[in-house]
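Peer 1: Got a structure here, written out as structure tokens. Questions coming.
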Amino acid sequence: MARPKSFNRETIIEKSMLLFWHQGYQGSSMRDLGKVTHLNPGSLYGSFGNKNQLFLLALEYYYKQLTKGINTSLKSSKSNNSILNGFFQTIVTENESSDVKGCLLVNSLLELANDADMQSHIAAMFTGIEEMFYWVIISGQKAGDFNKQLDPREMAQYLINNYFGIRVQCMTGQTSDYLSNNIRYFLQRLI
């Protein structure tokens with residue numbers, strides 16, 4: 001009879017995500033993953049498949065955490081401008097308080113540039129973020145928060161490009177003031 005699993009799957013995925021974020025995909029071995037999760041390689045393989053599959057689960061977990069706040073805000077009574085400002089200011093806060101710089105999605109996109117399968121998974125997540133921006137812009141135009149003459153799809157693409165830029169700037173050691181000024185500038189285009 002097989003022994004029942006005695007670990008929290010989400011906790012293992014979260015710990016793996018943090019390791020991948022710190023060390024990158026290539027720099028994280030199954031042995032490293034075993035150390036941070038306190039699972040032996042057999043348990044990792046048996047429960048999560050190979051490193052690639054665990055990495056995809058980690059990316060998905062990161063994506064859900066990243067988008068949770070904006071999805072919650074969309075259902076609230078916050079102004080659409082404050083929703084976007086809050087989303088981007090979270091990046092500044094993370095940059096100040098975390099020893100991990102950048103975005104796991106952006107970092108992975110850059111690290112795994114030659115892996116078409118990974119690129120496809122990550123691109124789909126960025127499309128999801130862009131789609132959230134699109135709906136915030138539509139909602140903001142209806143509420144009078146944003147300029148109604150702007151094309152919401154083009155502005156969503158503009159915001160996702162700025163998201164990439166801000167995340168890369170975090171990796172270069174830019175100050176919080178620098179990042180906040182850039183965010184303020186590009187969000188003003190919506191008004």
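We label chains A, B, ... in the order they appear in the structure tokens, count residues from 1 in each chain, and number ligands from 1 in the order shown.
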Please report as a tab-separated table every residue of region 54-151 of chain A lying within 6 Å of region 11-34 of chain A, along with the nearest atom pair and their distance in Å (one decimal), using only C-alpha atoms.

Peer 2:
```
residue	atom	partner	partner_atom	distance
A:Ala58	CA	A:Met17	CA	4.6
A:Val100	CA	A:His22	CA	5.9
A:Leu104	CA	A:Trp21	CA	5.4
```

Peer 1: Determine, counting only C-alpha atoms, which protein, DNA and RNA residues have an atom within 12 Å of an atom of Ala143 (chain A); residues of the same chain fewer than 2 positions away are not included. Present the result as a list in words.

Peer 2: Ser77, Lys78, Ser79, Asn80, Asn81, Val136, Ile137, Ile138, Ser139, Gly140, Gln141, Asp145, Phe146, Asn147, Lys148 and Ile191 of chain A

Peer 1: Could those selected residues go to a file with N, CA, C and O atoms, as a compact mmCIF listing (two decimals), in the first residue's frame?

Peer 2:
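Generated file (selection-v7.txt):
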```
# COMPACT_ATOMS: atom_id res chain seq x y z
N SER A 77 -14.99 48.85 -5.78
CA SER A 77 -15.46 50.18 -6.19
C SER A 77 -14.30 51.15 -6.40
O SER A 77 -14.51 52.35 -6.53
N LYS A 78 -13.08 50.64 -6.44
CA LYS A 78 -11.92 51.51 -6.66
C LYS A 78 -12.00 52.15 -8.05
O LYS A 78 -12.54 51.57 -8.98
N SER A 79 -11.38 53.31 -8.16
CA SER A 79 -11.30 53.93 -9.48
C SER A 79 -10.34 53.09 -10.33
O SER A 79 -9.41 52.47 -9.81
N ASN A 80 -10.56 53.09 -11.60
CA ASN A 80 -9.73 52.30 -12.50
C ASN A 80 -8.30 52.83 -12.54
O ASN A 80 -7.35 52.07 -12.71
N ASN A 81 -8.16 54.13 -12.36
CA ASN A 81 -6.83 54.72 -12.31
C ASN A 81 -6.07 54.20 -11.09
O ASN A 81 -4.89 53.86 -11.18
N VAL A 136 -9.68 46.89 -17.64
CA VAL A 136 -9.58 48.03 -16.72
C VAL A 136 -9.74 49.33 -17.52
O VAL A 136 -10.43 50.25 -17.08
N ILE A 137 -9.13 49.39 -18.69
CA ILE A 137 -9.23 50.59 -19.54
C ILE A 137 -10.67 50.79 -20.01
O ILE A 137 -11.21 51.90 -19.93
N ILE A 138 -11.31 49.72 -20.48
CA ILE A 138 -12.72 49.81 -20.92
C ILE A 138 -13.59 50.33 -19.76
O ILE A 138 -14.39 51.25 -19.92
N SER A 139 -13.41 49.71 -18.60
CA SER A 139 -14.17 50.12 -17.41
C SER A 139 -13.88 51.57 -17.05
O SER A 139 -14.79 52.34 -16.72
N GLY A 140 -12.62 51.97 -17.14
CA GLY A 140 -12.23 53.34 -16.84
C GLY A 140 -12.80 54.34 -17.82
O GLY A 140 -13.15 55.47 -17.43
N GLN A 141 -12.89 53.97 -19.07
CA GLN A 141 -13.48 54.87 -20.06
C GLN A 141 -14.98 55.04 -19.79
O GLN A 141 -15.50 56.15 -19.87
N ASP A 145 -12.89 57.76 -16.01
CA ASP A 145 -11.54 57.84 -15.45
C ASP A 145 -10.48 58.04 -16.54
O ASP A 145 -9.44 58.64 -16.27
N PHE A 146 -10.74 57.50 -17.71
CA PHE A 146 -9.75 57.53 -18.79
C PHE A 146 -10.35 58.19 -20.04
O PHE A 146 -11.56 58.18 -20.25
N ASN A 147 -9.46 58.71 -20.87
CA ASN A 147 -9.83 59.35 -22.12
C ASN A 147 -10.57 58.36 -23.02
O ASN A 147 -10.05 57.30 -23.36
N LYS A 148 -11.77 58.72 -23.43
CA LYS A 148 -12.60 57.83 -24.25
C LYS A 148 -12.12 57.76 -25.71
O LYS A 148 -12.54 56.89 -26.45
N ILE A 191 -5.24 59.43 -19.21
CA ILE A 191 -6.20 60.46 -18.77
C ILE A 191 -6.50 61.43 -19.90
O ILE A 191 -5.72 61.77 -20.71
```

Peer 1: Go through region 87-135 of chain A residue by residue and, counting only C-alpha atoms, keep those with an atom at most 9 Å from region 177-183 of chain A; for each kept residue give the shortest atom pair and its distance in Å to one decimal, ordered by chain and increasing number, as a tab-separated table.

Peer 2:
```
residue	atom	partner	partner_atom	distance
A:Phe88	CA	A:Ile183	CA	6.8
A:Gln89	CA	A:Ser180	CA	7.0
A:Ile91	CA	A:Leu179	CA	8.7
A:Val92	CA	A:Leu179	CA	6.6
```

Peer 1: Go ahead and dump the residues you just picked, all heavy atoms, as a compact mmCIF listing (two decimals), in the first residue's frame.

Peer 2:
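Just written: again-v9.txt:
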```txt
# COMPACT_ATOMS: atom_id res chain seq x y z
N PHE A 88 0.99 48.74 -10.57
CA PHE A 88 2.37 49.10 -10.91
C PHE A 88 3.17 49.51 -9.68
O PHE A 88 4.36 49.23 -9.60
CB PHE A 88 2.39 50.18 -11.99
CG PHE A 88 2.11 49.65 -13.37
CD1 PHE A 88 0.85 49.77 -13.95
CD2 PHE A 88 3.10 49.00 -14.09
CE1 PHE A 88 0.59 49.26 -15.20
CE2 PHE A 88 2.85 48.49 -15.36
CZ PHE A 88 1.59 48.61 -15.91
N GLN A 89 2.54 50.15 -8.71
CA GLN A 89 3.27 50.53 -7.50
C GLN A 89 3.68 49.31 -6.68
O GLN A 89 4.66 49.35 -5.94
CB GLN A 89 2.46 51.51 -6.65
CG GLN A 89 2.41 52.91 -7.20
CD GLN A 89 3.79 53.55 -7.36
OE1 GLN A 89 4.69 53.38 -6.55
NE2 GLN A 89 3.97 54.30 -8.45
N ILE A 91 5.04 46.79 -7.88
CA ILE A 91 6.36 46.47 -8.43
C ILE A 91 7.43 47.26 -7.68
O ILE A 91 8.47 46.71 -7.31
CB ILE A 91 6.42 46.77 -9.94
CG1 ILE A 91 5.42 45.89 -10.69
CG2 ILE A 91 7.84 46.57 -10.48
CD1 ILE A 91 5.20 46.29 -12.14
N VAL A 92 7.15 48.54 -7.44
CA VAL A 92 8.11 49.38 -6.72
C VAL A 92 8.31 48.85 -5.30
O VAL A 92 9.44 48.73 -4.82
CB VAL A 92 7.63 50.86 -6.69
CG1 VAL A 92 8.56 51.72 -5.86
CG2 VAL A 92 7.50 51.41 -8.11
```

Peer 1: Would you please extract all alpha helix (DSSP H) residues from region 1-171 of chain A, as assigned by DSSP on the backbone, and give them as a PyMOL selection string?

Peer 2: chain A and resi 9-23+30-37+41-48+51-74+80-97+104-111+116-143+152-171

Peer 1: How many Å lie between CA of Gln157 (chain A) and CA of Trp135 (chain A), rounded to one decimal?

Peer 2: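 It comes out at 12.1 Å.
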